[in-house]
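S.K.: Supplied structure: final.txt, compact mmCIF, C-alpha atoms and all ligand atoms.
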# COMPACT_ATOMS: atom_id res chain seq x y z
CA MET A 152 -32.53 -93.69 -36.63
CA ARG A 153 -29.56 -95.94 -36.95
CA GLY A 154 -29.31 -98.65 -34.34
CA LEU A 155 -32.52 -97.65 -32.62
CA GLY A 156 -34.88 -100.04 -34.32
CA GLY A 157 -36.77 -97.22 -36.01
CA ARG A 158 -38.44 -96.29 -32.73
CA TRP A 159 -38.01 -92.61 -33.28
CA LYS A 160 -36.97 -90.28 -36.07
CA ILE A 161 -35.31 -86.91 -35.90
CA GLY A 162 -36.75 -85.66 -39.18
CA THR A 163 -35.83 -82.09 -40.06
CA LEU A 164 -37.09 -80.42 -36.92
CA THR A 165 -35.24 -77.54 -35.44
CA SER A 166 -35.37 -77.33 -31.68
CA LYS A 167 -36.59 -74.21 -29.93
CA TYR A 168 -33.89 -74.93 -27.34
CA THR A 169 -30.50 -74.11 -28.70
CA PHE A 170 -27.71 -76.36 -27.65
CA GLU A 171 -24.66 -75.45 -29.68
CA ASN A 172 -23.47 -78.88 -30.65
CA SER A 173 -26.35 -81.22 -29.82
CA MET A 174 -27.56 -82.95 -32.95
CA LEU A 175 -30.66 -84.19 -31.16
CA PRO A 176 -33.83 -82.18 -30.55
CA ILE A 177 -34.85 -82.40 -26.91
CA GLU A 178 -38.55 -82.14 -27.78
CA LYS A 179 -38.47 -85.26 -29.92
CA PHE A 180 -36.09 -87.66 -28.22
CA PRO A 181 -38.12 -90.24 -26.25
CA LYS A 182 -37.70 -90.05 -22.49
CA ILE A 183 -38.89 -91.76 -19.36
CA ASP A 184 -38.53 -89.96 -16.06
CA ALA A 185 -38.07 -93.14 -14.04
CA HIS A 186 -38.15 -91.34 -10.69
CA PHE A 187 -40.91 -88.77 -10.40
CA HIS A 188 -43.41 -87.88 -7.67
CA SER A 189 -46.80 -86.27 -8.07
CA THR A 190 -49.22 -86.68 -5.19
CA PHE A 191 -52.11 -84.63 -6.55
CA ASN A 192 -53.57 -84.31 -10.01
CA ASP A 193 -51.83 -81.57 -11.94
CA SER A 194 -52.55 -81.16 -15.63
CA ARG A 195 -49.23 -79.40 -16.24
CA TYR A 196 -47.42 -82.76 -16.39
CA GLN A 197 -49.47 -83.80 -19.38
CA LYS A 198 -48.42 -80.60 -21.17
CA ILE A 199 -44.76 -81.17 -20.28
CA ALA A 200 -45.11 -84.76 -21.49
CA GLY A 201 -46.15 -83.43 -24.90
CA ALA A 202 -43.56 -80.64 -24.98
CA PHE A 203 -40.60 -82.88 -24.10
CA ASN A 204 -41.76 -86.31 -25.23
CA VAL A 205 -41.42 -87.57 -21.66
CA ARG A 206 -43.30 -90.28 -19.77
CA TYR A 207 -43.34 -90.59 -16.00
CA ILE A 208 -43.02 -93.32 -13.41
CA ASN A 209 -44.71 -91.94 -10.29
CA ILE A 210 -43.01 -93.36 -7.22
CA ASN A 211 -45.19 -94.05 -4.18
CA THR A 212 -43.16 -93.65 -0.99
CA ASP A 213 -43.74 -94.71 2.63
CA ALA A 214 -42.52 -91.38 4.09
CA ASP A 215 -44.16 -89.06 6.62
CA VAL A 216 -43.65 -86.05 4.37
CA PHE A 217 -45.78 -87.67 1.65
CA PRO A 218 -49.56 -88.12 1.78
CA SER A 219 -50.79 -91.59 2.81
CA LEU A 220 -49.83 -94.45 0.51
CA GLU A 221 -53.52 -94.95 -0.20
CA THR A 222 -53.81 -91.38 -1.50
CA GLN A 223 -50.56 -91.63 -3.45
CA GLU A 224 -51.72 -94.80 -5.15
CA GLN A 225 -55.15 -93.35 -5.99
CA VAL A 226 -53.50 -90.33 -7.59
CA ALA A 227 -50.96 -92.46 -9.47
CA LEU A 228 -53.77 -94.67 -10.79
CA SER A 229 -55.87 -91.73 -11.88
CA TYR A 230 -52.93 -90.38 -13.93
CA ALA A 231 -52.26 -93.82 -15.42
CA ASN A 232 -55.91 -94.52 -16.20
CA ALA A 233 -56.40 -91.13 -17.85
CA SER A 234 -53.19 -91.32 -19.89
CA PRO A 235 -51.56 -94.75 -19.85
CA GLN A 236 -49.18 -93.75 -22.62
CA HIS A 237 -47.62 -91.13 -20.32
CA PHE A 238 -48.01 -92.25 -16.71
CA ALA A 239 -47.07 -95.39 -14.81
CA TYR A 240 -46.34 -95.97 -11.14
CA ILE A 241 -44.40 -97.94 -8.57
CA CYS A 242 -46.33 -98.93 -5.46
CA SER A 243 -45.10 -99.26 -1.90
CA PHE A 244 -46.18 -100.77 1.40
CA GLU A 245 -46.43 -99.55 4.95
CA MET A 246 -44.02 -100.64 7.63
CA ASN A 247 -46.49 -99.67 10.37
CA ASN A 248 -47.43 -102.73 12.37
CA TRP A 249 -44.57 -104.73 10.87
CA THR A 250 -44.27 -106.70 14.12
CA GLU A 251 -47.88 -107.88 13.97
CA THR A 252 -48.62 -111.38 12.78
CA ASN A 253 -50.91 -110.39 9.89
CA TRP A 254 -48.42 -107.86 8.43
CA TYR A 255 -47.08 -110.28 5.82
CA ASN A 256 -50.51 -111.44 4.67
CA ASP A 257 -51.74 -107.89 4.32
CA VAL A 258 -48.63 -106.56 2.60
CA LEU A 259 -48.29 -109.38 0.08
CA ALA A 260 -52.00 -109.07 -0.74
CA SER A 261 -51.65 -105.33 -1.25
CA ILE A 262 -48.59 -105.74 -3.49
CA LYS A 263 -50.45 -108.35 -5.58
CA LYS A 264 -53.39 -106.01 -5.96
CA SER A 265 -51.20 -103.07 -6.95
CA ILE A 266 -49.39 -105.15 -9.57
CA GLN A 267 -52.76 -106.25 -10.96
CA ASN A 268 -53.74 -102.59 -11.11
CA GLY A 269 -50.66 -101.83 -13.20
CA ALA A 270 -47.83 -101.01 -10.78
CA VAL A 271 -44.50 -101.78 -12.46
CA GLY A 272 -42.49 -102.35 -9.28
CA ILE A 273 -42.33 -101.66 -5.57
CA LYS A 274 -40.44 -99.00 -3.67
CA ILE A 275 -38.64 -99.49 -0.39
CA TRP A 276 -37.40 -96.52 1.57
CA LYS A 277 -34.65 -95.48 3.94
CA ASN A 278 -36.91 -95.78 6.98
CA ILE A 279 -35.62 -99.37 6.75
CA GLY A 280 -32.07 -99.03 7.99
CA MET A 281 -32.27 -95.50 9.32
CA GLY A 282 -35.56 -95.16 11.19
CA ILE A 283 -37.45 -98.27 12.24
CA LEU A 284 -36.40 -99.91 15.50
CA LYS A 285 -36.74 -103.55 16.43
CA PRO A 286 -38.21 -104.49 19.82
CA ASP A 287 -34.62 -104.74 21.15
CA ARG A 288 -34.05 -101.07 20.08
CA SER A 289 -31.62 -101.98 17.31
CA PHE A 290 -32.31 -100.68 13.80
CA LEU A 291 -34.25 -102.89 11.40
CA MET A 292 -31.95 -103.35 8.40
CA ILE A 293 -32.99 -104.54 4.94
CA ASP A 294 -30.87 -107.70 5.31
CA ASP A 295 -32.75 -108.71 8.46
CA PRO A 296 -34.15 -112.26 8.17
CA PHE A 297 -37.56 -110.66 8.62
CA PHE A 298 -37.50 -109.58 4.97
CA ILE A 299 -36.54 -112.95 3.45
CA PRO A 300 -40.14 -113.98 2.59
CA LEU A 301 -40.75 -110.56 1.02
CA PHE A 302 -37.75 -110.83 -1.30
CA GLU A 303 -38.55 -114.45 -2.10
CA PHE A 304 -42.02 -113.36 -3.15
CA LEU A 305 -40.72 -110.46 -5.25
CA GLN A 306 -38.04 -112.55 -6.91
CA GLU A 307 -40.46 -115.36 -7.71
CA ASN A 308 -43.03 -112.97 -9.15
CA LYS A 309 -40.44 -110.95 -11.06
CA ILE A 310 -41.45 -107.73 -9.35
CA PRO A 311 -38.64 -105.14 -9.53
CA VAL A 312 -37.65 -103.31 -6.35
CA LEU A 313 -36.73 -99.64 -6.35
CA ALA A 314 -34.63 -99.27 -3.23
CA HIS A 315 -33.84 -95.94 -1.64
CA LEU A 316 -31.61 -97.31 1.10
CA GLY A 317 -29.14 -95.21 3.00
CA GLU A 318 -28.45 -91.63 2.08
CA PRO A 319 -25.64 -89.71 0.39
CA LYS A 320 -22.38 -90.39 2.18
CA ASN A 321 -22.41 -86.72 3.17
CA CYS A 322 -25.28 -87.49 5.56
CA TRP A 323 -22.73 -89.05 7.95
CA LEU A 324 -20.40 -86.04 7.81
CA PRO A 325 -20.51 -82.71 9.63
CA LEU A 326 -22.01 -79.90 7.53
CA GLU A 327 -18.65 -78.27 6.85
CA LYS A 328 -17.19 -81.50 5.44
CA MET A 329 -20.02 -82.20 2.99
CA THR A 330 -19.00 -82.14 -0.66
CA SER A 331 -22.33 -80.86 -1.97
CA ARG A 332 -23.96 -77.50 -1.33
CA ARG A 333 -27.33 -79.08 -1.87
CA ASN A 334 -26.73 -81.82 0.73
CA ARG A 335 -25.47 -79.20 3.19
CA ALA A 336 -28.56 -77.06 2.74
CA TYR A 337 -30.83 -80.09 3.06
CA TYR A 338 -29.33 -81.47 6.29
CA GLU A 339 -29.07 -78.02 7.80
CA LYS A 340 -32.81 -77.71 7.27
CA HIS A 341 -33.59 -81.30 8.31
CA PRO A 342 -31.33 -82.14 11.27
CA ALA A 343 -33.57 -85.11 12.09
CA PHE A 344 -32.27 -86.84 8.94
CA HIS A 345 -28.62 -85.84 9.46
CA ALA A 346 -27.02 -89.11 10.57
CA TYR A 347 -23.89 -87.36 11.81
CA LEU A 348 -26.01 -85.87 14.59
CA HIS A 349 -27.48 -89.30 15.44
CA PRO A 350 -24.61 -91.69 16.07
CA GLU A 351 -27.06 -94.46 16.93
CA ILE A 352 -28.02 -94.66 13.23
CA PRO A 353 -26.05 -97.47 11.56
CA SER A 354 -23.10 -96.28 9.49
CA TYR A 355 -23.08 -95.48 5.80
CA GLN A 356 -21.02 -98.64 5.20
CA ARG A 357 -23.57 -100.75 7.06
CA GLN A 358 -26.41 -99.37 4.89
CA ILE A 359 -24.57 -100.26 1.68
CA ALA A 360 -23.53 -103.68 3.01
CA ALA A 361 -27.17 -104.50 3.89
CA ARG A 362 -28.29 -103.61 0.35
CA ASP A 363 -25.42 -105.59 -1.17
CA ALA A 364 -26.43 -108.60 0.93
CA ILE A 365 -29.86 -108.55 -0.75
CA LEU A 366 -28.25 -108.43 -4.21
CA GLU A 367 -26.07 -111.36 -3.20
CA THR A 368 -28.81 -113.48 -1.61
CA PHE A 369 -31.41 -112.89 -4.33
CA PRO A 370 -29.52 -112.97 -7.64
CA ASP A 371 -32.72 -113.17 -9.69
CA LEU A 372 -34.32 -110.19 -8.00
CA THR A 373 -34.31 -107.02 -10.11
CA LEU A 374 -33.04 -104.33 -7.75
CA VAL A 375 -32.78 -100.68 -8.74
CA GLY A 376 -30.80 -98.40 -6.47
CA ALA A 377 -32.59 -95.06 -6.33
CA HIS A 378 -30.31 -92.01 -6.34
CA LEU A 379 -27.29 -93.86 -7.77
CA GLY A 380 -27.78 -96.53 -5.13
CA SER A 381 -26.50 -94.04 -2.50
CA MET A 382 -23.02 -94.42 -4.03
CA GLU A 383 -23.10 -90.98 -5.60
CA TRP A 384 -19.67 -90.06 -4.18
CA SER A 385 -17.72 -92.62 -6.24
CA TYR A 386 -18.46 -93.81 -9.74
CA GLU A 387 -15.73 -96.40 -9.17
CA GLU A 388 -17.55 -97.94 -6.18
CA LEU A 389 -20.72 -98.01 -8.22
CA ALA A 390 -18.89 -99.70 -11.11
CA LYS A 391 -17.67 -102.41 -8.73
CA ARG A 392 -21.29 -103.18 -7.77
CA PHE A 393 -22.35 -103.32 -11.42
CA ASP A 394 -19.53 -105.76 -12.10
CA LYS A 395 -20.38 -107.92 -9.13
CA TYR A 396 -24.20 -107.90 -9.29
CA PRO A 397 -25.78 -108.34 -12.74
CA ASN A 398 -29.21 -107.82 -11.13
CA PHE A 399 -28.33 -104.26 -10.02
CA SER A 400 -29.11 -101.03 -11.82
CA VAL A 401 -29.64 -97.44 -10.67
CA ASP A 402 -31.48 -94.24 -11.40
CA ILE A 403 -29.58 -90.95 -11.38
CA SER A 404 -32.34 -88.91 -9.73
CA SER A 405 -31.22 -86.07 -7.45
CA ARG A 406 -27.59 -87.20 -7.58
CA LEU A 407 -26.29 -86.29 -11.04
CA GLY A 408 -24.52 -83.29 -9.47
CA HIS A 409 -22.25 -85.65 -7.55
CA LEU A 410 -21.07 -87.27 -10.78
CA GLN A 411 -20.65 -83.85 -12.37
CA MET A 412 -18.45 -82.89 -9.42
CA GLN A 413 -16.27 -85.91 -10.07
CA ALA A 414 -16.30 -85.06 -13.77
CA ALA A 415 -15.24 -81.46 -13.28
CA GLN A 416 -11.57 -82.51 -13.38
CA HIS A 417 -11.82 -85.54 -15.70
CA PRO A 418 -15.00 -85.42 -17.78
CA GLU A 419 -13.84 -88.38 -19.90
CA LYS A 420 -13.92 -90.76 -16.93
CA ILE A 421 -17.57 -90.05 -16.21
CA ARG A 422 -18.36 -90.23 -19.92
CA ASP A 423 -16.65 -93.64 -20.12
CA PHE A 424 -18.60 -94.77 -17.05
CA PHE A 425 -21.95 -93.92 -18.67
CA ILE A 426 -20.87 -95.73 -21.84
CA GLN A 427 -19.46 -98.82 -20.13
CA TYR A 428 -22.54 -99.26 -17.93
CA ALA A 429 -25.03 -98.01 -20.48
CA ASP A 430 -27.48 -100.84 -19.73
CA ARG A 431 -27.56 -100.18 -15.99
CA ILE A 432 -28.37 -96.48 -15.57
CA MET A 433 -31.80 -94.85 -15.88
CA TYR A 434 -32.76 -91.23 -16.16
CA GLY A 435 -34.90 -89.69 -13.41
CA THR A 436 -35.50 -86.21 -12.00
CA ASP A 437 -36.97 -86.85 -8.53
CA ALA A 438 -39.21 -83.82 -9.15
CA TYR A 439 -41.72 -83.87 -6.27
CA ASN A 440 -44.87 -81.89 -6.97
CA ASN A 441 -42.58 -79.44 -8.73
CA HIS A 442 -43.12 -78.92 -12.44
CA GLU A 443 -40.48 -76.18 -12.51
CA LYS A 444 -37.79 -78.49 -11.17
CA LEU A 445 -38.93 -81.07 -13.71
CA GLU A 446 -38.58 -78.72 -16.68
CA THR A 447 -35.30 -77.23 -15.48
CA SER A 448 -33.84 -80.69 -14.91
CA LEU A 449 -34.97 -81.92 -18.32
CA ILE A 450 -33.25 -78.99 -20.03
CA ASN A 451 -30.07 -78.82 -17.93
CA ASP A 452 -29.49 -82.57 -17.90
CA TRP A 453 -30.02 -82.75 -21.65
CA LYS A 454 -27.39 -80.08 -22.18
CA TYR A 455 -24.95 -82.06 -20.02
CA PHE A 456 -25.59 -85.42 -21.64
CA THR A 457 -25.84 -84.36 -25.28
CA THR A 458 -23.39 -81.48 -25.76
CA ARG A 459 -19.84 -80.39 -25.02
CA GLU A 460 -21.08 -77.04 -23.79
CA TYR A 461 -20.06 -75.69 -20.42
CA CYS A 462 -22.73 -76.30 -17.80
CA GLN A 463 -23.52 -74.92 -14.37
CA SER A 464 -25.19 -76.51 -11.39
CA THR A 465 -26.20 -75.31 -7.96
CA GLU A 466 -24.17 -78.21 -6.64
CA VAL A 467 -20.86 -77.77 -8.42
CA ASP A 468 -18.41 -74.87 -8.07
CA GLY A 469 -17.50 -73.37 -11.43
CA LEU A 470 -18.27 -74.57 -14.93
CA PHE A 471 -18.01 -78.15 -16.13
CA GLN A 472 -18.20 -79.53 -19.61
CA GLY A 473 -21.00 -81.65 -21.06
CA ILE A 474 -20.16 -85.25 -21.92
CA GLN A 475 -22.07 -85.64 -25.22
CA LEU A 476 -22.91 -89.31 -24.97
CA PRO A 477 -23.36 -91.42 -28.11
CA GLU A 478 -26.93 -91.55 -29.29
CA GLU A 479 -27.34 -95.26 -28.49
CA VAL A 480 -26.25 -94.63 -24.92
CA LEU A 481 -28.67 -91.74 -24.59
CA TYR A 482 -31.48 -93.92 -25.85
CA LYS A 483 -30.78 -96.52 -23.16
CA LEU A 484 -30.33 -93.95 -20.40
CA TYR A 485 -33.43 -91.94 -21.28
CA PHE A 486 -35.75 -94.64 -22.52
CA SER A 487 -35.06 -98.28 -23.19
CA ASN A 488 -33.43 -99.29 -19.88
CA ALA A 489 -36.56 -98.31 -17.97
CA LYS A 490 -38.65 -100.38 -20.37
CA THR A 491 -36.37 -103.40 -19.96
CA ILE A 492 -35.99 -103.16 -16.19
CA TYR A 493 -39.60 -102.27 -15.42
CA SER A 494 -40.89 -104.75 -17.96
CA ARG A 495 -44.55 -104.23 -17.03
CA LEU A 496 -44.44 -100.70 -18.51
CA VAL A 497 -46.93 -100.25 -21.32
CA PHE A 498 -45.30 -97.21 -22.88
ZN ZN A 501 -37.79 -89.67 -4.83
Go ahead and express the file in the form of structure tokens.

M.R.:
Amino acid sequence: MRGLGGRWKIGTLTSKYTFENSMLPIEKFPKIDAHFHSTFNDSRYQKIAGAFNVRYININTDADVFPSLETQEQVALSYANASPQHFAYICSFEMNNWTETNWYNDVLASIKKSIQNGAVGIKIWKNIGMGILKPDRSFLMIDDPFFIPLFEFLQENKIPVLAHLGEPKNCWLPLEKMTSRRNRAYYEKHPAFHAYLHPEIPSYQRQIAARDAILETFPDLTLVGAHLGSMEWSYEELAKRFDKYPNFSVDISSRLGHLQMQAAQHPEKIRDFFIQYADRIMYGTDAYNNHEKLETSLINDWKYFTTREYCQSTEVDGLFQGIQLPEEVLYKLYFSNAKTIYSRLVF
């Protein structure tokens, strides 16, 4: 394939999925789902890997709704050990007992061990900034001096950080003002996470500023903003961060609909954004123990990215047109950026 270093070939295959003007067969094009969750062994992912030529980065997460981190890591390792060409993982650490003196020793030792076992990065979650309180009852933010030794360690050891910090901007708005049907449904169901109802939670702007402070203070740290770095509402704001912080990249997981909303009026602007920042954006589905969501996302997102067909989404009112990205851009988005950014990947 031209410009792709011969890594993959289209050949003469016809795709069983018909996309009117996509020249690329979805089954053959190499993909990495850089934001995926599976917390129990499920053989269906191996089949989907074969059917769609997709590999997975299983993201361990320090959240109450997930099984323990120990279980998540065991499961992630069993996938990776059984099929290292298809499964990798990103480890995490517990914030429990963060005020105790041995927390740092234990956490740095556990991160070292996970990296030795094959983890390609570490995940930090929104409990930092939106949930954990300091002894003085203020919220522990990611730019708190407490975390300086952690980021120094990660920067020095070239361990990438996948940061889910903050939430969609809609989280700070009343339900009727939210721009996304999906966000509205989610916060209606989970009022505990709806920041608008909890004015004590630091503002959206404070969450983003705390993350930006880490990018600024640790310029050699590789930091990936999960879910478009929680700047899903404005591709222009995201572009400003890319311009300012060369160490910053994002995955699109669970937030592509927000870009499609912005593209509904001016599809070319979003297309230009994906082209201009082609090295900084990774594909991801955020499928969580949900093979149906995984398959549906793979197919729908492919249609959007590779064709000019009209697409539909549960999140966007009406039809919107696909952006048919150049093949080189697709290759970066779907495959090579994840390999570059998570350089420990073996697939
Ligand atoms: Zn996720």

S.K.: Of the candidates A:Ala336, A:Leu476, A:Ala438, A:Ala202, which one gets nearest to ligand ZN 501 (chain A) if we count all atoms listed in the file?

M.R.: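 Between A:Ala336, A:Leu476, A:Ala438, A:Ala202, the residue approaching ligand ZN 501 (chain A) most closely is A:Ala438.
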
S.K.: Calculated over only C-alpha atoms, which of the candidates A:Glu339, A:Gly272, A:Asn440, A:Phe344 has the smallest distance to Pro218 of chain A?

M.R.: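 Result for the nearest residue to Pro218 of chain A: A:Asn440.
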
S.K.: Return as a CSV table (one decimal) with C-alpha atoms, in the frame of the given file every polymer residue, whether protein, DNA or RNA, with at least one atom no more than 7 Å from an atom of ligand ZN 501 (chain A); count only C-alpha atoms and all ligand atoms.

M.R.:
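The new file part.csv reads:
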chain,number,residue,atom,x,y,z
A,186,HIS,CA,-38.2,-91.3,-10.7
A,187,PHE,CA,-40.9,-88.8,-10.4
A,188,HIS,CA,-43.4,-87.9,-7.7
A,210,ILE,CA,-43.0,-93.4,-7.2
A,437,ASP,CA,-37.0,-86.8,-8.5

S.K.: Within 6 Å of Leu326 of chain A, counting all atoms listed in the file, which residues show up once you throw out same-chain ones fewer than 2 positions away? Write them as JSON, numbers by chain, please.

M.R.: {"A": [328, 329, 335]}

S.K.: For a test of reading the model, state the distance in Å between atom CA of Lys264 of chain A and atom CA of Thr436 of chain A, rounded to one decimal.

M.R.: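 Calculated distance between atom CA of Lys264 of chain A and atom CA of Thr436 of chain A is 27.4 Å.
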
S.K.: Choose the residue, out of A:Tyr386, A:Glu466, A:Ala361, A:Ala314, that has the smallest atom-to-atom separation from Phe399 of chain A; count all atoms listed in the file.

M.R.: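 Under the stated criterion, the closest residue is A:Ala314.
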
S.K.: Would you mind telling me which residue in A:Ile199, A:Ala429, A:Leu484, A:Leu316 lies nearest to Ala377 of chain A when using all atoms listed in the file?

M.R.: A:Leu316

S.K.: Show which residues sit within 10 Å of segment 418-427 of chain A, as number ranges by chain. Count only C-alpha atoms, and ignore same-chain residues fewer than 6 positions away.

M.R.: A: 386-387, 389-390, 410-412, 456, 471-477, 479-481, 484

S.K.: May I ask which of the residues A:Tyr396, A:Phe290, A:Tyr455, A:Tyr434 is the closest one to Thr373 of chain A, counting all atoms listed in the file?

M.R.: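 Going through A:Tyr396, A:Phe290, A:Tyr455, A:Tyr434 one by one, the smallest distance to Thr373 of chain A is for A:Tyr396.
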
S.K.: If you measure from atom CA of Leu470 of chain A to atom CA of His341 of chain A, what distance in Å do you get, rounded to one decimal?

M.R.: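 Distance reported for this atom pair: 28.6 Å.
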
S.K.: At a cut-off of 12 Å from (-43.6, -79.7, -10.1) in the coordinates of the file, what residues are picked up using all atoms listed in the file, written as a PyMOL selection string?

M.R.: chain A and resi 187-197+199+436-448

S.K.: Do you have the atom CA of Ile365 of chain A-atom CA of Asn398 of chain A distance handy?

M.R.: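 Atom-to-atom, atom CA of Ile365 of chain A and atom CA of Asn398 of chain A are spaced 10.4 Å apart.
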
S.K.: So which residues touch Tyr485 of chain A within 7 Å, counting all atoms listed in the file, skipping near sequence neighbours fewer than 6 positions away, as a PyMOL selection string?

M.R.: chain A and resi 182-183+433-434

S.K.: Include C-alpha atoms and write out the residues we just selected as a compact mmCIF listing (two decimals), in the coordinates of the input.

M.R.:
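Saved the output as part-v9.txt:
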# COMPACT_ATOMS: atom_id res chain seq x y z
CA LYS A 182 -37.70 -90.05 -22.49
CA ILE A 183 -38.89 -91.76 -19.36
CA MET A 433 -31.80 -94.85 -15.88
CA TYR A 434 -32.76 -91.23 -16.16
